[in-house]
Amino acid sequence: MGLLMIPGPVQLHERIIKAMCRQMIGHRGKEFSKIFEYCIDGLKELFGTKHEVYIISGSGTSGMEAAIASFSNVKRIACVDNGKFGDRLCRIASKYTEVDEIRFEWGKSIELERIEESFENGSEAIAFVHNETSTGILNPAKEIAKIAKKYDALVIMDGITSVGGDVVKMDEWGIDVAIVGSQKCLGCPPGLAAVAVNERAWDYYNEKAPFYLDLKAYKKKVPDLQTPYTPAVPLFYALEEALKIIEEEGLENRIKRHRTLSKAIRVWATEAGLELFPQLNEYSSYSNTVTAIKMPENVTDKELRGTLQSEYGITISGGQEHLKGKIFRIGTMGNIGKAEVVTTLAAVEDVLMRKNAIKSALHAAIEVLKEL
Ligand SMILES: *Cc1c(COP(=O)(O)O)cnc(C)c1O
């Protein structure tokens with residue numbers, strides 16, 4: 001059996017696999033509504049919101065597009081791009097309205113002055129990624145929302161790899177719309193996206209949203225505890241079980257586990273003589289759910305990831321786009337623990353030590369993991 005250590009899809013908890021092996025039920029019946037209600041309530045907790053949550057059968061990107069398309073009745077939207085998913089937000093938004101792309105080199109931190117400037121120049125909304133999975137940076141959500149509020153602008157946040165794994169307080173921070181995907185920190189298979197929406201967001205409603213992703217249709221069905229179209233029923237079984245697991249673990253413990261696992265990887269990397277990829281400033285921090293590490297000079301992506309795969313059956317991620325071969329990424333999302341992290345680091349260490357690229361630092365990671 002292999003080990004999947006990428007930033008989504010994640011390795012599944014046995015209970016979640018089993019939850020899906022059940023007969024279908026009608027999606028207009030009471031049994032489905034019960035599951036639906038449990039899922040919505042659980043997700044609200046993870047988003048940190050008292051407002052509504054809509055669940056779409058589609059990957060995370062369907063949630064990003066539903067959020068932007070449904071609430072894009074603005075003259076101009078500021079989109080923050082300091083990684084692959086920020087770039088995706090910009091490209092989605094440009095289909096619906098004018099975009100002011102606030103671009104930073106991938107791996108660099110956001111400068112808040114540039115965001116303020118965009119509002120000064122007439123942006124009426126902002127979309128950004130909280131945890132930029134492609135570079136391993138946690139962007140300053142609270143600070144961005146605070147600036148947006150000064151200009152009374154709408155705030156849309158991609159929380160796809162933070163919700164359920166790190167602290168997200170949508171209402172408290174002043175986020176109007178937030179998105180999560182099932183296959184990341186929630187620990188589910190891919191195929192569901194959820195969008196949390198407060199009342200204010202509806203002032204920005206755009207009726208030109210694509211039919212399937214028009215959140216008004218989802219809103220209309222909430223009183224019936226249903227989705228507008230046939231949902232991916234087995235994935236709802238999985239989500240229900242995943243949320244039960246989260247409830248049993250406790251959100252605080254879960255966040256601590258995600259933080260400690262990623263800290264262990266960072267400490268290992270630094271001790272081993274590797275360099276972390278993100279360039280932080282006073283507002284940003286390292287991601288607590290995925291760690292991006294610079295590839296050593298004399299090692300190729302194939303040598304590292306290929307060998308890990310063929311000799312150990314362990315899958316980690318490489319860099320995306322121009323970062324291919326320049327970085328590697330290890331996800332610490334969902335329901336994994338110490339064993340998976342130690343195993344992965346031991347294997348990565350073995351492969352890199354054969355190339356004389358690092359020194360052993362496993363003990364340093366194990367020391368950190370004692371916090372759990
Ligand atoms: C994975 C991810 C997405 C996209 O999700 P898909 O499920 O691949 O559509 C969007 N944003 C972030 C930050 C992600 O990590």
# chains A, B, ... in the order shown; residues from 1 in each chain; ligands from 1
>>> residues_near_ligand(ligand="ligand 1", cutoff="10 Å", atoms="only C-alpha atoms and all ligand atoms", output="PyMOL selection string")
chain A and resi 7-9+58-65+83-89+128-136+157-162+179-185+189-193+289-290
>>> residues_around(residues="Glu340 in chain A", least_positions_apart="3", cutoff="12 Å", atoms="only C-alpha atoms", output="PyMOL selection string")
chain A and resi 2-6+10-11+261-262+264-265+314-316+330-337+343-347+366+369
>>> closest_atom_pairs(of="range 19-106 of chain A", to="range 245-253 of chain A", cutoff="12 Å", atoms="only C-alpha atoms", output="JSON lines")
{"residue": "A:Ala19", "atom": "CA", "partner": "A:Ile245", "partner_atom": "CA", "distance": 11.8}
{"residue": "A:Tyr38", "atom": "CA", "partner": "A:Glu247", "partner_atom": "CA", "distance": 11.3}
{"residue": "A:Cys39", "atom": "CA", "partner": "A:Glu247", "partner_atom": "CA", "distance": 11.5}
{"residue": "A:Asp41", "atom": "CA", "partner": "A:Glu247", "partner_atom": "CA", "distance": 11.2}
{"residue": "A:Gly42", "atom": "CA", "partner": "A:Glu247", "partner_atom": "CA", "distance": 8.1}
{"residue": "A:Leu43", "atom": "CA", "partner": "A:Ile246", "partner_atom": "CA", "distance": 10.3}
{"residue": "A:Glu45", "atom": "CA", "partner": "A:Leu251", "partner_atom": "CA", "distance": 8.7}
{"residue": "A:Leu46", "atom": "CA", "partner": "A:Leu251", "partner_atom": "CA", "distance": 7.6}
{"residue": "A:Phe47", "atom": "CA", "partner": "A:Leu251", "partner_atom": "CA", "distance": 11.0}
{"residue": "A:Gly48", "atom": "CA", "partner": "A:Leu251", "partner_atom": "CA", "distance": 10.9}
>>> residues_around(residues="Ile25 in chain A", least_positions_apart="6", cutoff="8 Å", atoms="only C-alpha atoms", output="PyMOL selection string")
chain A and resi 31-32+233
>>> write_last_selection(atoms="C-alpha atoms", output="PDB file, in the first residue's frame")
ATOM      1  CA  GLU A  31     -32.739  10.596   5.088  1.00  0.00           C
ATOM      2  CA  PHE A  32     -30.736  12.815   2.754  1.00  0.00           C
ATOM      3  CA  VAL A 233     -24.681  11.276  -2.638  1.00  0.00           C
TER       4      VAL A 233
END
>>> atom_distance(atom1="CA of Lys30 in chain A", atom2="CA of Val163 in chain A")
28.2 Å
>>> residues_around(residues="Trp173 in chain A", least_positions_apart="5", cutoff="9 Å", atoms="only C-alpha atoms", output="ChimeraX atom specification")
/A:141-143,145-146,168
>>> atom_distance(atom1="CA of Glu37 in chain A", atom2="CA of Glu14 in chain A")
23.3 Å
>>> atom_distance(atom1="CA of Leu243 in chain A", atom2="CA of Ser317 in chain A")
26.2 Å
>>> closest_residue(among="A:Leu372, A:Ile40, A:Ser57, A:Ser72", to="Glu207 in chain A", atoms="only C-alpha atoms")
A:Ser72
>>> select_by_dssp(residues="range 128-321 of chain A", states="alpha helix (DSSP H)", output="MDAnalysis selection string")
chainID A and resid 141:150 170:173 215:221 233:249 251:272 301 307
>>> select_by_dssp(residues="range 148-359 of chain A", states="strand (DSSP E)", output="JSON, numbers by chain")
{"A": [154, 155, 156, 157, 158, 177, 178, 179, 180, 181, 192, 193, 194, 195, 196, 197, 285, 286, 290, 291, 292, 293, 294, 314, 315, 317, 318, 327, 328, 329, 330, 331]}
>>> closest_residue(among="A:Asn288, A:Asn82, A:Asn206, A:Asn281", to="Arg254 in chain A", atoms="only C-alpha atoms")
A:Asn288
>>> closest_residue(among="A:Ala153, A:Leu323, A:Ala78, A:Gly107", to="Leu138 in chain A", atoms="only C-alpha atoms")
A:Gly107
>>> residues_around(residues="Pro228 in chain A", least_positions_apart="2", cutoff="9 Å", atoms="only C-alpha atoms", output="list of chain:residue names")
A:Tyr212, A:Ala217, A:Tyr218, A:Lys219, A:Lys220, A:Lys221, A:Val222, A:Gln226, A:Thr230, A:Pro231
>>> closest_residue(among="A:Val299, A:Ala127, A:Ala242, A:Cys79", to="Phe328 in chain A", atoms="only C-alpha atoms")
A:Val299
>>> closest_residue(among="A:Val368, A:Met353, A:Val342, A:Leu225", to="Pro296 in chain A", atoms="only C-alpha atoms")
A:Met353
>>> closest_residue(among="A:Ala238, A:Val80, A:Ala66, A:Ile327", to="His13 in chain A", atoms="only C-alpha atoms")
A:Ala238
>>> decode(residues="range 17-151 of chain A", atoms="C-alpha atoms", output="PDB file, in the first residue's frame")
ATOM      1  CA  ILE A  17     -14.003   4.841   2.928  1.00  0.00           C
ATOM      2  CA  LYS A  18     -16.571   2.609   4.592  1.00  0.00           C
ATOM      3  CA  ALA A  19     -19.146   5.390   4.837  1.00  0.00           C
ATOM      4  CA  MET A  20     -19.294   5.575   1.042  1.00  0.00           C
ATOM      5  CA  CYS A  21     -20.007   1.864   0.524  1.00  0.00           C
ATOM      6  CA  ARG A  22     -23.725   2.204   1.016  1.00  0.00           C
ATOM      7  CA  GLN A  23     -26.884   1.939  -1.073  1.00  0.00           C
ATOM      8  CA  MET A  24     -28.085   5.153  -2.737  1.00  0.00           C
ATOM      9  CA  ILE A  25     -30.885   7.168  -1.201  1.00  0.00           C
ATOM     10  CA  GLY A  26     -33.216   9.662  -2.826  1.00  0.00           C
ATOM     11  CA  HIS A  27     -31.900  13.183  -2.576  1.00  0.00           C
ATOM     12  CA  ARG A  28     -35.402  14.581  -1.988  1.00  0.00           C
ATOM     13  CA  GLY A  29     -36.122  12.376   1.023  1.00  0.00           C
ATOM     14  CA  LYS A  30     -35.821  12.806   4.778  1.00  0.00           C
ATOM     15  CA  GLU A  31     -32.739  10.596   5.088  1.00  0.00           C
ATOM     16  CA  PHE A  32     -30.736  12.815   2.754  1.00  0.00           C
ATOM     17  CA  SER A  33     -31.976  15.996   4.450  1.00  0.00           C
ATOM     18  CA  LYS A  34     -30.676  14.733   7.768  1.00  0.00           C
ATOM     19  CA  ILE A  35     -27.219  14.199   6.302  1.00  0.00           C
ATOM     20  CA  PHE A  36     -27.412  17.563   4.520  1.00  0.00           C
ATOM     21  CA  GLU A  37     -28.282  19.387   7.732  1.00  0.00           C
ATOM     22  CA  TYR A  38     -25.477  17.727   9.676  1.00  0.00           C
ATOM     23  CA  CYS A  39     -22.979  18.631   6.937  1.00  0.00           C
ATOM     24  CA  ILE A  40     -24.087  22.266   6.773  1.00  0.00           C
ATOM     25  CA  ASP A  41     -23.933  22.687  10.558  1.00  0.00           C
ATOM     26  CA  GLY A  42     -20.505  21.066  10.762  1.00  0.00           C
ATOM     27  CA  LEU A  43     -19.106  23.182   7.945  1.00  0.00           C
ATOM     28  CA  LYS A  44     -20.390  26.418   9.530  1.00  0.00           C
ATOM     29  CA  GLU A  45     -18.321  25.568  12.568  1.00  0.00           C
ATOM     30  CA  LEU A  46     -15.179  25.090  10.446  1.00  0.00           C
ATOM     31  CA  PHE A  47     -15.725  28.325   8.491  1.00  0.00           C
ATOM     32  CA  GLY A  48     -16.404  30.217  11.707  1.00  0.00           C
ATOM     33  CA  THR A  49     -19.716  31.518  10.452  1.00  0.00           C
ATOM     34  CA  LYS A  50     -23.331  31.713  11.495  1.00  0.00           C
ATOM     35  CA  HIS A  51     -24.353  32.430   7.919  1.00  0.00           C
ATOM     36  CA  GLU A  52     -25.349  30.013   5.166  1.00  0.00           C
ATOM     37  CA  VAL A  53     -23.201  27.335   3.548  1.00  0.00           C
ATOM     38  CA  TYR A  54     -23.953  25.892   0.110  1.00  0.00           C
ATOM     39  CA  ILE A  55     -22.536  22.570  -1.043  1.00  0.00           C
ATOM     40  CA  ILE A  56     -21.760  22.035  -4.724  1.00  0.00           C
ATOM     41  CA  SER A  57     -20.955  18.697  -6.327  1.00  0.00           C
ATOM     42  CA  GLY A  58     -17.755  19.660  -8.092  1.00  0.00           C
ATOM     43  CA  SER A  59     -14.082  20.133  -7.272  1.00  0.00           C
ATOM     44  CA  GLY A  60     -12.761  23.118  -5.326  1.00  0.00           C
ATOM     45  CA  THR A  61     -12.609  25.195  -8.487  1.00  0.00           C
ATOM     46  CA  SER A  62     -16.384  24.899  -8.892  1.00  0.00           C
ATOM     47  CA  GLY A  63     -16.673  26.574  -5.483  1.00  0.00           C
ATOM     48  CA  MET A  64     -14.229  29.311  -6.520  1.00  0.00           C
ATOM     49  CA  GLU A  65     -16.197  29.975  -9.694  1.00  0.00           C
ATOM     50  CA  ALA A  66     -19.593  29.812  -7.940  1.00  0.00           C
ATOM     51  CA  ALA A  67     -18.392  32.367  -5.363  1.00  0.00           C
ATOM     52  CA  ILE A  68     -16.932  34.791  -7.878  1.00  0.00           C
ATOM     53  CA  ALA A  69     -19.575  34.396 -10.568  1.00  0.00           C
ATOM     54  CA  SER A  70     -22.483  34.763  -8.140  1.00  0.00           C
ATOM     55  CA  PHE A  71     -21.054  37.863  -6.432  1.00  0.00           C
ATOM     56  CA  SER A  72     -19.353  39.761  -9.216  1.00  0.00           C
ATOM     57  CA  ASN A  73     -21.769  42.621  -9.722  1.00  0.00           C
ATOM     58  CA  VAL A  74     -18.943  45.129  -9.254  1.00  0.00           C
ATOM     59  CA  LYS A  75     -17.148  47.576 -11.495  1.00  0.00           C
ATOM     60  CA  ARG A  76     -13.798  46.077 -10.636  1.00  0.00           C
ATOM     61  CA  ILE A  77     -12.479  43.307  -8.402  1.00  0.00           C
ATOM     62  CA  ALA A  78      -8.984  43.168  -6.939  1.00  0.00           C
ATOM     63  CA  CYS A  79      -7.474  39.679  -7.206  1.00  0.00           C
ATOM     64  CA  VAL A  80      -4.350  38.793  -5.278  1.00  0.00           C
ATOM     65  CA  ASP A  81      -1.958  36.479  -7.098  1.00  0.00           C
ATOM     66  CA  ASN A  82       1.082  35.155  -5.260  1.00  0.00           C
ATOM     67  CA  GLY A  83       0.727  31.585  -6.448  1.00  0.00           C
ATOM     68  CA  LYS A  84      -1.077  29.204  -8.769  1.00  0.00           C
ATOM     69  CA  PHE A  85      -4.443  29.425  -7.031  1.00  0.00           C
ATOM     70  CA  GLY A  86      -4.354  33.208  -6.755  1.00  0.00           C
ATOM     71  CA  ASP A  87      -3.707  33.199 -10.486  1.00  0.00           C
ATOM     72  CA  ARG A  88      -6.737  30.948 -10.955  1.00  0.00           C
ATOM     73  CA  LEU A  89      -8.931  33.366  -9.001  1.00  0.00           C
ATOM     74  CA  CYS A  90      -7.826  36.165 -11.355  1.00  0.00           C
ATOM     75  CA  ARG A  91      -8.622  34.112 -14.416  1.00  0.00           C
ATOM     76  CA  ILE A  92     -12.055  33.123 -13.161  1.00  0.00           C
ATOM     77  CA  ALA A  93     -12.890  36.699 -12.153  1.00  0.00           C
ATOM     78  CA  SER A  94     -11.860  38.064 -15.545  1.00  0.00           C
ATOM     79  CA  LYS A  95     -14.710  36.083 -17.113  1.00  0.00           C
ATOM     80  CA  TYR A  96     -17.246  38.070 -15.095  1.00  0.00           C
ATOM     81  CA  THR A  97     -15.904  41.550 -14.477  1.00  0.00           C
ATOM     82  CA  GLU A  98     -12.904  43.834 -14.719  1.00  0.00           C
ATOM     83  CA  VAL A  99      -9.966  42.608 -12.664  1.00  0.00           C
ATOM     84  CA  ASP A 100      -7.159  44.513 -10.983  1.00  0.00           C
ATOM     85  CA  GLU A 101      -4.556  41.784 -10.662  1.00  0.00           C
ATOM     86  CA  ILE A 102      -2.282  42.398  -7.694  1.00  0.00           C
ATOM     87  CA  ARG A 103       0.627  40.180  -8.588  1.00  0.00           C
ATOM     88  CA  PHE A 104       3.595  39.135  -6.491  1.00  0.00           C
ATOM     89  CA  GLU A 105       6.323  36.733  -7.446  1.00  0.00           C
ATOM     90  CA  TRP A 106       5.228  33.204  -6.471  1.00  0.00           C
ATOM     91  CA  GLY A 107       6.655  32.375  -3.066  1.00  0.00           C
ATOM     92  CA  LYS A 108       6.707  36.022  -2.009  1.00  0.00           C
ATOM     93  CA  SER A 109       4.405  37.547   0.558  1.00  0.00           C
ATOM     94  CA  ILE A 110       1.572  39.957  -0.049  1.00  0.00           C
ATOM     95  CA  GLU A 111       2.265  43.643   0.531  1.00  0.00           C
ATOM     96  CA  LEU A 112      -0.806  45.191   2.072  1.00  0.00           C
ATOM     97  CA  GLU A 113      -0.030  48.638   0.612  1.00  0.00           C
ATOM     98  CA  ARG A 114      -0.719  47.274  -2.864  1.00  0.00           C
ATOM     99  CA  ILE A 115      -4.128  46.091  -1.741  1.00  0.00           C
ATOM    100  CA  GLU A 116      -5.004  49.451  -0.260  1.00  0.00           C
ATOM    101  CA  GLU A 117      -3.926  51.078  -3.547  1.00  0.00           C
ATOM    102  CA  SER A 118      -6.324  48.915  -5.507  1.00  0.00           C
ATOM    103  CA  PHE A 119      -9.263  50.083  -3.407  1.00  0.00           C
ATOM    104  CA  GLU A 120      -8.073  53.693  -3.738  1.00  0.00           C
ATOM    105  CA  ASN A 121      -8.226  53.147  -7.484  1.00  0.00           C
ATOM    106  CA  GLY A 122     -11.814  51.928  -7.435  1.00  0.00           C
ATOM    107  CA  SER A 123     -11.844  48.167  -6.767  1.00  0.00           C
ATOM    108  CA  GLU A 124     -15.149  47.312  -5.087  1.00  0.00           C
ATOM    109  CA  ALA A 125     -14.325  43.754  -4.097  1.00  0.00           C
ATOM    110  CA  ILE A 126     -11.322  41.554  -3.426  1.00  0.00           C
ATOM    111  CA  ALA A 127     -10.625  37.858  -3.943  1.00  0.00           C
ATOM    112  CA  PHE A 128      -7.602  36.140  -2.445  1.00  0.00           C
ATOM    113  CA  VAL A 129      -6.292  32.763  -1.365  1.00  0.00           C
ATOM    114  CA  HIS A 130      -5.845  32.234   2.367  1.00  0.00           C
ATOM    115  CA  ASN A 131      -3.460  29.281   2.246  1.00  0.00           C
ATOM    116  CA  GLU A 132      -1.588  29.366  -1.084  1.00  0.00           C
ATOM    117  CA  THR A 133      -1.051  25.648  -1.648  1.00  0.00           C
ATOM    118  CA  SER A 134       1.338  26.102  -4.568  1.00  0.00           C
ATOM    119  CA  THR A 135       3.950  27.982  -2.511  1.00  0.00           C
ATOM    120  CA  GLY A 136       3.260  27.020   1.106  1.00  0.00           C
ATOM    121  CA  ILE A 137       2.391  30.528   2.278  1.00  0.00           C
ATOM    122  CA  LEU A 138      -0.389  31.528   4.634  1.00  0.00           C
ATOM    123  CA  ASN A 139      -1.646  34.907   3.465  1.00  0.00           C
ATOM    124  CA  PRO A 140      -2.912  37.496   5.983  1.00  0.00           C
ATOM    125  CA  ALA A 141      -6.671  37.025   5.675  1.00  0.00           C
ATOM    126  CA  LYS A 142      -7.669  39.099   8.657  1.00  0.00           C
ATOM    127  CA  GLU A 143      -5.513  42.069   7.605  1.00  0.00           C
ATOM    128  CA  ILE A 144      -6.770  41.963   4.003  1.00  0.00           C
ATOM    129  CA  ALA A 145     -10.389  41.904   5.187  1.00  0.00           C
ATOM    130  CA  LYS A 146      -9.725  44.811   7.537  1.00  0.00           C
ATOM    131  CA  ILE A 147      -8.457  46.997   4.697  1.00  0.00           C
ATOM    132  CA  ALA A 148     -11.393  45.964   2.495  1.00  0.00           C
ATOM    133  CA  LYS A 149     -13.864  46.989   5.183  1.00  0.00           C
ATOM    134  CA  LYS A 150     -12.388  50.499   5.252  1.00  0.00           C
ATOM    135  CA  TYR A 151     -13.553  50.803   1.638  1.00  0.00           C
TER     136      TYR A 151
END
